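Peer 1: One file is attached below, protein_27.tsv, containing TSV, C-alpha atoms.
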```tsv
chain	number	residue	atom	x	y	z
A	28	MET	CA	-92.13	-0.50	-58.02
A	29	VAL	CA	-89.03	-2.66	-58.35
A	30	ILE	CA	-86.89	-0.21	-56.41
A	31	PRO	CA	-89.03	-0.19	-53.19
A	32	ILE	CA	-89.21	-3.99	-53.24
A	33	PHE	CA	-85.46	-4.14	-53.71
A	34	LEU	CA	-84.91	-1.71	-50.80
A	35	VAL	CA	-87.23	-3.66	-48.50
A	36	LEU	CA	-85.38	-6.89	-49.31
A	37	VAL	CA	-82.00	-5.31	-48.69
A	38	PHE	CA	-82.96	-3.45	-45.49
A	39	ARG	CA	-85.53	-5.94	-44.18
A	40	VAL	CA	-83.72	-6.38	-40.85
A	41	GLU	CA	-83.50	-2.65	-40.14
A	42	ALA	CA	-87.08	-2.11	-41.33
A	43	GLY	CA	-88.30	-4.93	-39.07
A	44	SER	CA	-86.47	-3.45	-36.11
A	45	ALA	CA	-87.90	0.04	-36.75
A	46	LEU	CA	-91.42	-1.37	-37.09
A	47	GLY	CA	-90.93	-3.34	-33.89
A	48	ASP	CA	-89.82	-0.19	-32.00
A	49	ALA	CA	-92.83	1.72	-33.34
A	50	ARG	CA	-95.14	-1.08	-32.22
A	51	PHE	CA	-93.63	-1.09	-28.70
A	52	PHE	CA	-93.98	2.68	-28.52
A	53	ALA	CA	-97.64	2.56	-29.61
A	54	THR	CA	-98.56	-0.30	-27.25
A	55	GLY	CA	-96.64	1.41	-24.43
A	56	LEU	CA	-98.74	4.52	-24.87
A	57	LEU	CA	-101.96	2.52	-24.77
A	58	ASN	CA	-100.88	0.11	-22.04
A	59	ARG	CA	-102.91	0.84	-18.87
A	60	THR	CA	-100.84	-1.43	-16.61
A	61	PHE	CA	-98.42	1.47	-15.99
A	62	SER	CA	-99.68	4.51	-14.18
A	63	TYR	CA	-97.89	7.51	-12.73
A	64	LYS	CA	-99.78	7.04	-9.48
A	65	GLU	CA	-98.39	3.52	-9.11
A	66	PHE	CA	-94.92	4.78	-9.92
A	67	ARG	CA	-95.17	7.36	-7.11
A	68	GLU	CA	-96.41	4.67	-4.73
A	69	ILE	CA	-93.47	2.42	-5.56
A	70	GLU	CA	-91.13	5.36	-5.11
A	71	ALA	CA	-92.67	6.14	-1.72
A	72	GLU	CA	-92.46	2.49	-0.68
A	73	ASN	CA	-88.80	2.42	-1.65
A	74	LEU	CA	-88.12	5.45	0.54
A	75	ARG	CA	-90.10	3.95	3.39
A	76	LEU	CA	-88.08	0.73	3.19
A	77	ARG	CA	-84.85	2.72	3.24
A	78	PHE	CA	-86.24	4.60	6.23
A	79	GLU	CA	-86.93	1.34	8.09
A	80	LEU	CA	-83.58	-0.14	7.10
A	81	SER	CA	-81.72	2.91	8.40
A	82	GLN	CA	-83.65	2.62	11.68
A	83	ILE	CA	-82.66	-1.03	12.00
A	84	LYS	CA	-79.03	-0.10	11.33
A	85	GLY	CA	-79.27	2.68	13.92
A	86	ASP	CA	-78.50	5.43	11.43
A	87	PHE	CA	-80.35	8.68	11.21
A	88	VAL	CA	-83.39	8.33	9.13
A	89	LEU	CA	-85.11	9.68	6.08
A	90	GLU	CA	-88.09	11.68	7.15
A	91	GLU	CA	-91.74	11.19	6.27
A	92	ILE	CA	-91.73	14.60	4.71
A	93	PHE	CA	-89.92	13.08	1.74
A	94	VAL	CA	-91.84	9.82	1.81
A	95	GLU	CA	-95.10	11.61	1.47
A	96	LYS	CA	-93.71	14.60	-0.42
A	97	LYS	CA	-95.92	16.98	1.50
A	98	PHE	CA	-94.13	20.19	0.73
A	99	ASP	CA	-92.68	21.94	-2.27
A	100	SER	CA	-89.00	22.51	-1.76
A	101	LEU	CA	-86.19	24.44	-3.36
A	102	GLU	CA	-82.66	23.10	-3.35
A	103	ALA	CA	-79.86	25.46	-2.36
A	104	LYS	CA	-76.09	25.24	-2.14
A	105	VAL	CA	-74.23	26.27	1.00
A	106	TYR	CA	-71.77	29.11	0.32
A	107	SER	CA	-70.10	29.47	3.66
A	108	ARG	CA	-70.47	29.31	7.43
A	109	TYR	CA	-70.20	32.11	9.96
A	110	PRO	CA	-66.48	32.85	9.78
A	111	TRP	CA	-65.78	33.41	13.49
A	112	ASN	CA	-66.67	31.44	16.59
A	113	GLY	CA	-70.06	31.50	18.20
A	114	ARG	CA	-72.79	31.59	15.60
A	115	GLY	CA	-74.24	28.60	13.76
A	116	ARG	CA	-75.25	30.31	10.54
A	117	VAL	CA	-74.65	29.65	6.87
A	118	VAL	CA	-75.18	31.52	3.62
A	119	ILE	CA	-77.01	29.77	0.78
A	120	ASN	CA	-77.25	30.62	-2.91
A	121	LYS	CA	-81.00	31.29	-3.09
A	122	GLY	CA	-82.69	34.60	-2.35
A	123	THR	CA	-85.76	36.70	-3.04
A	124	SER	CA	-85.35	36.23	-6.79
A	125	HIS	CA	-85.99	32.49	-6.21
A	126	GLY	CA	-88.97	33.09	-3.95
A	127	VAL	CA	-87.15	32.70	-0.64
A	128	GLU	CA	-88.61	34.65	2.29
A	129	GLU	CA	-87.59	35.29	5.87
A	130	GLY	CA	-88.68	32.55	8.25
A	131	MET	CA	-88.91	29.75	5.67
A	132	VAL	CA	-88.00	26.32	7.00
A	133	VAL	CA	-84.70	24.81	5.89
A	134	ILE	CA	-84.04	21.08	6.03
A	135	THR	CA	-81.21	18.79	5.00
A	136	LYS	CA	-81.48	16.59	1.92
A	137	THR	CA	-82.20	13.62	4.18
A	138	GLY	CA	-85.14	15.47	5.67
A	139	ALA	CA	-83.76	16.55	9.05
A	140	LEU	CA	-84.46	20.01	10.44
A	141	PHE	CA	-81.59	22.40	9.74
A	142	GLY	CA	-82.99	25.81	10.65
A	143	GLU	CA	-84.83	28.77	9.20
A	144	VAL	CA	-84.08	31.60	6.82
A	145	GLY	CA	-82.88	34.61	8.82
A	146	SER	CA	-82.35	37.36	6.28
A	147	VAL	CA	-82.64	37.43	2.52
A	148	ARG	CA	-80.98	39.27	-0.35
A	149	ASN	CA	-81.58	38.97	-4.09
A	150	HIS	CA	-79.54	35.85	-4.68
A	151	GLN	CA	-78.42	34.84	-1.19
A	152	SER	CA	-79.95	34.09	2.18
A	153	GLU	CA	-78.62	33.68	5.67
A	154	VAL	CA	-79.88	30.56	7.44
A	155	ILE	CA	-79.97	30.31	11.24
A	156	SER	CA	-79.31	26.69	12.19
A	157	ILE	CA	-80.00	24.78	15.39
A	158	PHE	CA	-76.30	25.32	16.19
A	159	ASP	CA	-76.91	29.04	16.65
A	160	PRO	CA	-77.02	30.18	20.29
A	161	SER	CA	-80.23	32.09	19.60
A	162	TRP	CA	-82.09	28.90	18.63
A	163	ARG	CA	-85.00	27.72	20.84
A	164	SER	CA	-87.71	25.25	19.78
A	165	SER	CA	-89.93	22.60	21.31
A	166	VAL	CA	-89.26	18.94	20.60
A	167	SER	CA	-90.54	15.53	21.59
A	168	LEU	CA	-88.43	12.53	22.56
A	169	GLY	CA	-88.90	8.93	21.48
A	170	GLU	CA	-92.06	6.90	21.61
A	171	SER	CA	-93.04	8.38	24.97
A	172	GLU	CA	-93.25	11.76	23.17
A	173	THR	CA	-91.79	13.53	26.19
A	174	LYS	CA	-91.68	17.26	25.58
A	175	ALA	CA	-88.47	19.27	25.93
A	176	LEU	CA	-86.85	22.49	24.84
A	177	LEU	CA	-84.05	22.45	22.29
A	178	ARG	CA	-81.48	25.14	23.04
A	179	GLY	CA	-79.03	25.87	20.21
A	180	GLY	CA	-75.33	26.48	20.48
A	181	GLN	CA	-72.03	24.93	19.54
A	182	PHE	CA	-73.32	21.85	21.35
A	183	PRO	CA	-77.16	21.95	21.24
A	184	LYS	CA	-78.87	20.69	24.39
A	185	LEU	CA	-82.30	19.61	25.55
A	186	GLU	CA	-83.71	21.25	28.63
A	187	PHE	CA	-86.82	21.03	30.80
A	188	ILE	CA	-87.24	17.26	30.45
A	189	PRO	CA	-89.53	16.14	33.30
A	190	THR	CA	-87.70	13.91	35.79
A	191	ASP	CA	-90.53	11.38	35.79
A	192	SER	CA	-90.57	11.05	31.99
A	193	GLU	CA	-89.74	7.88	30.07
A	194	ALA	CA	-87.10	9.63	27.96
A	195	LYS	CA	-83.95	7.59	27.54
A	196	GLU	CA	-80.64	7.61	25.72
A	197	GLY	CA	-80.98	6.84	22.01
A	198	ASP	CA	-84.46	8.35	21.74
A	199	PHE	CA	-85.10	10.13	18.45
A	200	ILE	CA	-85.73	13.85	18.81
A	201	LYS	CA	-88.52	15.26	16.65
A	202	ASN	CA	-89.88	18.71	16.18
A	203	ILE	CA	-93.21	19.72	17.70
A	204	SER	CA	-92.82	23.47	17.29
A	205	PRO	CA	-95.56	24.87	15.02
A	206	ASP	CA	-92.94	26.95	13.22
A	207	PHE	CA	-91.66	23.80	11.50
A	208	PRO	CA	-93.30	20.67	10.04
A	209	PHE	CA	-94.51	18.35	12.75
A	210	GLY	CA	-92.29	15.35	13.45
A	211	LEU	CA	-89.25	16.62	11.56
A	212	LEU	CA	-86.18	14.74	12.75
A	213	ILE	CA	-83.52	16.62	14.72
A	214	GLY	CA	-81.28	13.95	16.20
A	215	LYS	CA	-80.87	11.44	19.00
A	216	VAL	CA	-80.45	11.75	22.77
A	217	ARG	CA	-76.82	10.99	23.61
A	218	SER	CA	-76.99	11.26	27.40
A	219	LEU	CA	-79.36	12.50	30.07
A	220	ALA	CA	-78.15	14.48	33.06
A	221	GLU	CA	-79.76	15.32	36.36
A	222	ASP	CA	-79.11	18.51	38.27
A	223	GLU	CA	-79.76	18.30	42.00
A	224	PHE	CA	-80.88	21.93	42.10
A	225	GLU	CA	-83.27	21.64	39.15
A	226	PRO	CA	-86.57	19.78	38.92
A	227	TRP	CA	-85.79	18.93	35.28
A	228	LEU	CA	-83.39	16.77	33.32
A	229	SER	CA	-81.17	18.04	30.56
A	230	ALA	CA	-79.65	16.07	27.70
A	231	ASP	CA	-76.77	16.19	25.26
A	232	ILE	CA	-77.73	15.27	21.73
A	233	ASP	CA	-76.27	13.94	18.51
A	234	THR	CA	-77.68	15.85	15.60
A	235	ALA	CA	-78.74	14.14	12.39
A	236	TRP	CA	-76.14	16.11	10.46
A	237	ARG	CA	-72.87	17.96	10.90
A	238	ILE	CA	-72.83	21.60	9.97
A	239	ASN	CA	-69.40	21.44	8.36
A	240	GLU	CA	-70.36	18.54	6.11
A	241	LEU	CA	-73.44	20.06	4.50
A	242	ARG	CA	-73.20	21.21	0.90
A	243	ASN	CA	-76.90	21.20	-0.09
A	244	LEU	CA	-80.04	22.23	1.76
A	245	MET	CA	-83.74	22.25	0.95
A	246	ILE	CA	-85.98	25.26	1.58
A	247	LEU	CA	-89.67	24.48	2.14
A	248	VAL	CA	-91.36	27.14	0.09
A	249	ASP	CA	-95.01	26.36	0.86
A	250	PHE	CA	-94.91	25.76	4.62
A	251	PRO	CA	-97.11	26.33	6.60
B	13	MET	CA	-45.15	59.04	8.02
B	14	ALA	CA	-45.44	58.35	4.30
B	15	LEU	CA	-46.73	54.99	3.20
B	16	ASN	CA	-44.55	52.62	1.26
B	17	LEU	CA	-46.83	51.89	-1.69
B	18	GLU	CA	-45.50	48.41	-2.27
B	19	ARG	CA	-46.07	47.40	1.36
B	20	ALA	CA	-49.43	49.13	1.41
B	21	LEU	CA	-50.53	47.09	-1.59
B	22	ILE	CA	-49.30	43.87	0.03
B	23	TRP	CA	-51.33	44.53	3.21
B	24	LEU	CA	-54.39	45.45	1.15
B	25	VAL	CA	-54.24	42.25	-0.88
B	26	LEU	CA	-53.41	40.19	2.20
B	27	GLY	CA	-56.50	41.57	3.94
B	28	PHE	CA	-58.63	40.56	0.97
B	29	ILE	CA	-57.18	37.05	0.86
B	30	LEU	CA	-57.20	36.48	4.61
B	31	TYR	CA	-60.86	37.25	4.96
B	32	PHE	CA	-61.48	34.75	2.18
B	33	LEU	CA	-59.61	32.17	4.28
B	34	GLN	CA	-61.48	33.25	7.41
B	35	ASP	CA	-64.74	32.79	5.54
B	36	GLY	CA	-63.70	29.22	4.80
B	37	ARG	CA	-62.92	28.74	8.53
B	38	PHE	CA	-59.28	28.11	7.71
B	39	LEU	CA	-57.34	26.24	10.44
B	40	GLU	CA	-60.53	25.23	12.28
B	41	ALA	CA	-59.74	22.72	15.03
B	42	ALA	CA	-62.19	21.22	17.54
B	43	GLY	CA	-64.82	23.71	16.40
B	44	ILE	CA	-62.61	26.73	17.11
B	45	VAL	CA	-61.27	29.01	14.38
B	46	PRO	CA	-58.47	31.47	14.95
B	47	ASN	CA	-59.42	35.07	14.25
B	48	LEU	CA	-56.98	35.72	11.41
B	49	ILE	CA	-58.22	39.26	10.84
B	50	LEU	CA	-57.56	40.17	14.46
B	51	VAL	CA	-54.11	38.54	14.50
B	52	PHE	CA	-52.94	40.04	11.21
B	53	PHE	CA	-54.34	43.48	11.95
B	54	PHE	CA	-52.23	43.79	15.10
B	55	PHE	CA	-49.30	42.14	13.37
B	56	SER	CA	-49.42	44.68	10.53
B	57	CYS	CA	-49.70	47.62	12.95
B	58	PHE	CA	-46.91	46.51	15.30
B	59	LYS	CA	-44.61	45.25	12.59
B	60	GLU	CA	-44.89	48.36	10.44
B	61	GLY	CA	-45.13	50.71	13.42
B	62	ASP	CA	-47.95	52.55	11.69
B	63	PHE	CA	-51.66	51.84	12.01
B	64	LYS	CA	-52.26	53.00	8.41
B	65	TYR	CA	-51.04	49.60	7.17
B	66	GLY	CA	-53.49	47.94	9.53
B	67	LEU	CA	-56.17	50.23	8.16
B	68	LEU	CA	-55.35	49.12	4.62
B	69	PHE	CA	-55.39	45.50	5.74
B	70	ILE	CA	-58.86	45.99	7.25
B	71	PHE	CA	-60.00	47.81	4.11
B	72	GLY	CA	-58.93	44.82	1.99
B	73	SER	CA	-60.82	42.51	4.34
B	74	ALA	CA	-63.89	44.74	4.24
B	75	LEU	CA	-63.95	44.49	0.43
B	76	SER	CA	-63.80	40.73	0.77
B	77	VAL	CA	-66.65	40.75	3.33
B	78	LEU	CA	-68.80	42.81	0.98
B	79	ILE	CA	-68.21	40.34	-1.82
B	80	TRP	CA	-68.33	37.01	0.01
B	81	ALA	CA	-70.41	37.55	3.13
B	82	PRO	CA	-72.38	40.81	3.26
B	83	PHE	CA	-74.62	39.29	5.93
B	84	TRP	CA	-71.81	39.59	8.44
B	85	LEU	CA	-70.74	43.13	7.70
B	86	LEU	CA	-72.01	44.38	11.06
B	87	ASP	CA	-69.99	41.79	12.95
B	88	PHE	CA	-66.97	42.80	10.93
B	89	LEU	CA	-67.46	46.51	11.65
B	90	ALA	CA	-67.75	45.76	15.37
B	91	LEU	CA	-64.50	43.80	15.19
B	92	PHE	CA	-62.83	46.65	13.30
B	93	LEU	CA	-63.85	49.22	15.93
B	94	VAL	CA	-62.56	47.04	18.76
B	95	LEU	CA	-59.25	46.57	16.97
B	96	MET	CA	-58.73	50.26	16.22
B	97	ILE	CA	-59.55	51.46	19.73
B	98	LEU	CA	-57.40	48.77	21.31
B	99	TYR	CA	-54.45	49.47	19.07
B	100	PHE	CA	-54.36	53.13	20.06
B	101	ALA	CA	-54.79	52.27	23.74
B	102	ILE	CA	-52.13	49.57	23.85
B	103	ASN	CA	-49.69	51.46	21.67
B	104	LEU	CA	-49.33	53.92	24.55
B	105	SER	CA	-47.85	51.13	26.67
B	106	PRO	CA	-44.08	51.48	27.16
B	107	ALA	CA	-43.56	47.71	26.98
B	108	GLY	CA	-41.87	45.94	24.03
B	109	ILE	CA	-43.79	45.51	20.82
B	110	PHE	CA	-44.09	41.73	21.12
B	111	PHE	CA	-45.54	42.10	24.61
B	112	ASN	CA	-47.97	44.72	23.31
B	113	PHE	CA	-48.84	42.43	20.40
B	114	VAL	CA	-49.69	39.53	22.73
B	115	LEU	CA	-51.59	41.83	25.09
B	116	SER	CA	-53.59	43.13	22.12
B	117	LEU	CA	-54.47	39.58	21.07
B	118	LEU	CA	-55.65	38.75	24.59
B	119	ILE	CA	-57.73	41.85	25.22
B	120	ALA	CA	-59.20	41.98	21.71
B	121	THR	CA	-60.27	38.33	21.85
B	122	VAL	CA	-61.85	38.75	25.27
B	123	ILE	CA	-63.62	41.98	24.35
B	124	TYR	CA	-64.86	40.85	20.96
B	125	SER	CA	-65.83	37.23	21.68
B	126	GLY	CA	-66.56	37.60	25.37
B	127	VAL	CA	-68.29	40.99	25.48
B	128	ILE	CA	-69.27	42.45	22.09
B	129	LEU	CA	-70.78	39.31	20.54
B	130	PRO	CA	-72.88	38.40	23.62
B	131	ILE	CA	-74.10	41.98	24.14
B	132	LEU	CA	-74.59	43.29	20.62
B	133	PHE	CA	-75.61	40.10	18.86
B	134	ALA	CA	-76.89	37.93	21.73
B	135	VAL	CA	-74.28	35.29	21.02
B	136	PRO	CA	-73.23	33.81	24.37
B	137	ILE	CA	-69.82	32.19	24.02
B	138	GLY	CA	-68.50	30.07	26.88
B	139	ALA	CA	-65.35	31.14	28.73
B	140	ASN	CA	-63.61	27.97	27.55
B	141	PHE	CA	-64.27	28.94	23.94
B	142	VAL	CA	-62.93	32.46	24.47
B	143	LEU	CA	-59.84	31.01	26.13
B	144	GLY	CA	-59.47	28.45	23.33
B	145	GLU	CA	-59.72	31.17	20.71
B	146	PHE	CA	-57.17	33.34	22.52
B	147	LEU	CA	-54.69	30.46	22.75
B	148	TYR	CA	-55.23	29.67	19.08
B	149	ASN	CA	-54.78	33.34	18.14
B	150	LEU	CA	-51.64	33.44	20.28
B	151	ILE	CA	-50.17	30.37	18.59
B	152	VAL	CA	-50.87	31.70	15.10
B	153	GLY	CA	-49.66	35.19	16.08
B	154	SER	CA	-46.43	33.87	17.61
B	155	ILE	CA	-45.64	31.77	14.56
B	156	ILE	CA	-46.27	34.71	12.24
B	157	TRP	CA	-44.18	36.94	14.48
B	158	ALA	CA	-41.32	34.42	14.58
B	159	ILE	CA	-41.27	34.10	10.80
B	160	PHE	CA	-42.09	37.59	9.57
B	161	GLY	CA	-41.82	39.78	12.66
B	162	PRO	CA	-39.36	42.61	13.35
B	163	ARG	CA	-35.84	41.38	14.01
B	164	ALA	CA	-35.84	42.96	17.46
B	165	GLY	CA	-38.18	40.11	18.37
B	166	MET	CA	-39.41	40.18	21.94
B	167	GLY	CA	-37.68	43.36	23.01
B	168	GLY	CA	-37.55	46.97	21.98
B	169	ARG	CA	-39.63	49.06	19.62
B	170	GLU	CA	-36.80	50.42	17.58
B	171	VAL	CA	-36.07	47.84	14.88
B	172	ILE	CA	-38.75	47.96	12.25
B	173	ARG	CA	-37.73	47.08	8.73
```
Before we go any further, please render this structure as structure tokens.
Peer 2:
Amino acid sequence: MVIPIFLVLVFRVEAGSALGDARFFATGLLNRTFSYKEFREIEAENLRLRFELSQIKGDFVLEEIFVEKKFDSLEAKVYSRYPWNGRGRVVINKGTSHGVEEGMVVITKTGALFGEVGSVRNHQSEVISIFDPSWRSSVSLGESETKALLRGGQFPKLEFIPTDSEAKEGDFIKNISPDFPFGLLIGKVRSLAEDEFEPWLSADIDTAWRINELRNLMILVDFP
Amino acid sequence: MALNLERALIWLVLGFILYFLQDGRFLEAAGIVPNLILVFFFFSCFKEGDFKYGLLFIFGSALSVLIWAPFWLLDFLALFLVLMILYFAINLSPAGIFFNFVLSLLIATVIYSGVILPILFAVPIGANFVLGEFLYNLIVGSIIWAIFGPRAGMGGREVIR
């Protein structure tokens, strides 16, 4: 009896602290003011604010796909790029053993469209990017939502922009091809050009990413 | 002609390493990479005066392709075929070996980047890119030739160490 009393007296500070921690833990568990749903909402709001801030600053933007977390994704590392000139392809470190399949959509970590999975092996996949000459997809430009065709290549271009459209330099380019999530960011219009022999405009673009700077990509595993 | 085992091993290892560098787009400038495999294949053949060294160089590169980038094996095989055929065709030319070396670089670049890639793999490459790649290959090839090439330099075929 004497010994426990003696111990409590000697270690009263430590005992008080431990009891206090236990009380906080117990009340934290029962406290209903915190909810996971609210946490997700705050997280989404934070991303949305960053999105708006980057628009104000004129940078490329975080995409709604991440704000709303619509799709399950798998992160992959970029091994290497096509070693010669001409093709815009990369190899990533995820393959069939990770659930990757041909045709899956690949995006950058900031949520911009990168490309799609071309061929797959056990632990590696080849991704065809919008810098590949074989790339063709439909896009929309700016708030006017003018439709155009994105043609891949070393310098991707927009084609078939109607001459009477409201498209202008600086317009954001977003995906409208059903092969990829709607509204996925691709880049910005750098300059529009008119060809006297064509009834359409074409445009040079600035992409939302540079192929030689990418180290990580995201594969959307449950799209469509 | 019997192979010098030491030299054969050097070309084999060099092929392995050079593809590794090619895979990392070594010396990329303004979006153009020199085709190191093409340059060093012809360099090995013309320097050694025997295509077997070039074959070993390509074999080393092929091993590297299989390890690092099996997705591009077909592209590599197409390049290899172009190089082999061209070497035998150009080697018949009576001109000096440096001239033949440069001619090989020009024709191989044009055929591979300007014809084979667009036709076989639907990769259209602009003429300016093909020209840019040739000039880059020529610069790299000339530097390599100046440093490690046969002492006869620009002229005859006779001096091969």
Peer 1: When distances are computed from all atoms listed in the file, which of A:Ala230, A:Ile119, A:Leu177, A:Leu168 shows the smallest separation from chain B?
Peer 2: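 Distance minimum relative to chain B lands on A:Ile119.
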Peer 1: Grab the CA of Gln34 (chain B) to CA of Glu129 (chain A) distance for me, in Å with one decimal place.
Peer 2: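 Separation between CA of Gln34 (chain B) and CA of Glu129 (chain A): 26.2 Å.
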Peer 1: Could you give me, as JSON lines, a per-residue list for chain A showing, wherever an atom lies at most 12 Å from an atom of chain B, the closest pair of atoms and their distance in Å to one decimal, using all atoms listed in the file and sorting by chain then residue number from low to high?
Peer 2:
```
{"residue": "A:Val105", "atom": "CA", "partner": "B:Gly36", "partner_atom": "CA", "distance": 11.6}
{"residue": "A:Tyr106", "atom": "CA", "partner": "B:Trp80", "partner_atom": "CA", "distance": 8.6}
{"residue": "A:Ser107", "atom": "CA", "partner": "B:Gly36", "partner_atom": "CA", "distance": 6.5}
{"residue": "A:Arg108", "atom": "CA", "partner": "B:Asp35", "partner_atom": "CA", "distance": 7.0}
{"residue": "A:Tyr109", "atom": "CA", "partner": "B:Asp35", "partner_atom": "CA", "distance": 7.1}
{"residue": "A:Pro110", "atom": "CA", "partner": "B:Asp35", "partner_atom": "CA", "distance": 4.6}
{"residue": "A:Trp111", "atom": "CA", "partner": "B:Val45", "partner_atom": "CA", "distance": 6.4}
{"residue": "A:Asn112", "atom": "CA", "partner": "B:Ile44", "partner_atom": "CA", "distance": 6.2}
{"residue": "A:Gly113", "atom": "CA", "partner": "B:Ile137", "partner_atom": "CA", "distance": 5.9}
{"residue": "A:Arg114", "atom": "CA", "partner": "B:Val135", "partner_atom": "CA", "distance": 6.7}
{"residue": "A:Gly115", "atom": "CA", "partner": "B:Val135", "partner_atom": "CA", "distance": 9.9}
{"residue": "A:Arg116", "atom": "CA", "partner": "B:Phe83", "partner_atom": "CA", "distance": 10.1}
{"residue": "A:Val117", "atom": "CA", "partner": "B:Phe83", "partner_atom": "CA", "distance": 9.7}
{"residue": "A:Val118", "atom": "CA", "partner": "B:Ala81", "partner_atom": "CA", "distance": 7.7}
{"residue": "A:Ile119", "atom": "CA", "partner": "B:Ala81", "partner_atom": "CA", "distance": 10.5}
{"residue": "A:Asn120", "atom": "CA", "partner": "B:Trp80", "partner_atom": "CA", "distance": 11.4}
{"residue": "A:Gly145", "atom": "CA", "partner": "B:Phe83", "partner_atom": "CA", "distance": 9.9}
{"residue": "A:Ser146", "atom": "CA", "partner": "B:Phe83", "partner_atom": "CA", "distance": 8.0}
{"residue": "A:Val147", "atom": "CA", "partner": "B:Phe83", "partner_atom": "CA", "distance": 8.9}
{"residue": "A:Arg148", "atom": "CA", "partner": "B:Phe83", "partner_atom": "CA", "distance": 8.9}
{"residue": "A:Asn149", "atom": "CA", "partner": "B:Pro82", "partner_atom": "CA", "distance": 11.9}
{"residue": "A:His150", "atom": "CA", "partner": "B:Pro82", "partner_atom": "CA", "distance": 11.8}
{"residue": "A:Gln151", "atom": "CA", "partner": "B:Phe83", "partner_atom": "CA", "distance": 9.2}
{"residue": "A:Ser152", "atom": "CA", "partner": "B:Phe83", "partner_atom": "CA", "distance": 8.3}
{"residue": "A:Glu153", "atom": "CA", "partner": "B:Phe83", "partner_atom": "CA", "distance": 6.9}
{"residue": "A:Val154", "atom": "CA", "partner": "B:Phe83", "partner_atom": "CA", "distance": 10.3}
{"residue": "A:Ile155", "atom": "CA", "partner": "B:Phe83", "partner_atom": "CA", "distance": 11.7}
{"residue": "A:Phe158", "atom": "CA", "partner": "B:Val135", "partner_atom": "CA", "distance": 11.3}
{"residue": "A:Asp159", "atom": "CA", "partner": "B:Val135", "partner_atom": "CA", "distance": 8.1}
{"residue": "A:Pro160", "atom": "CA", "partner": "B:Val135", "partner_atom": "CA", "distance": 5.8}
{"residue": "A:Ser161", "atom": "CA", "partner": "B:Val135", "partner_atom": "CA", "distance": 6.9}
{"residue": "A:Trp162", "atom": "CA", "partner": "B:Val135", "partner_atom": "CA", "distance": 10.4}
{"residue": "A:Gly179", "atom": "CA", "partner": "B:Val135", "partner_atom": "CA", "distance": 10.6}
{"residue": "A:Gly180", "atom": "CA", "partner": "B:Pro136", "partner_atom": "CA", "distance": 8.6}
{"residue": "A:Gln181", "atom": "CA", "partner": "B:Gly43", "partner_atom": "CA", "distance": 8.0}
{"residue": "A:Phe182", "atom": "CA", "partner": "B:Gly43", "partner_atom": "CA", "distance": 10.0}
{"residue": "A:Arg237", "atom": "CA", "partner": "B:Gly43", "partner_atom": "CA", "distance": 11.3}
{"residue": "A:Ile238", "atom": "CA", "partner": "B:Gly43", "partner_atom": "CA", "distance": 10.5}
{"residue": "A:Asn239", "atom": "CA", "partner": "B:Gly43", "partner_atom": "CA", "distance": 9.5}
```
Peer 1: Please measure the separation of CA of Ser192 (chain A) and CA of Pro205 (chain A), giving the value in Å to one decimal.
Peer 2: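 Distance between the two atoms: 22.4 Å.
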Peer 1: Find the residue from A:Ala194, A:Val144, A:Ile134, A:Ala42 that sits nearest to Arg217 (chain A); use only C-alpha atoms when measuring.
Peer 2: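 For Arg217 (chain A), the nearest of the given residues is A:Ala194.
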Peer 1: What does the structure give for the distance between CA of Arg242 (chain A) and CA of Ile157 (chain A), in Å to one decimal?
Peer 2: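 These atoms are spaced 16.4 Å apart.
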Peer 1: With distances taken over only C-alpha atoms, which residue among A:Phe141, A:Phe199, A:Phe224, A:Phe66 lies nearest Gly169 (chain A)?
Peer 2: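 Closest candidate: A:Phe199.
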Peer 1: Find the residue from A:Ala139, A:Asp233, A:Ser44, A:Glu102 that sits nearest to Val127 (chain A); use all atoms listed in the file when measuring.
Peer 2: A:Glu102
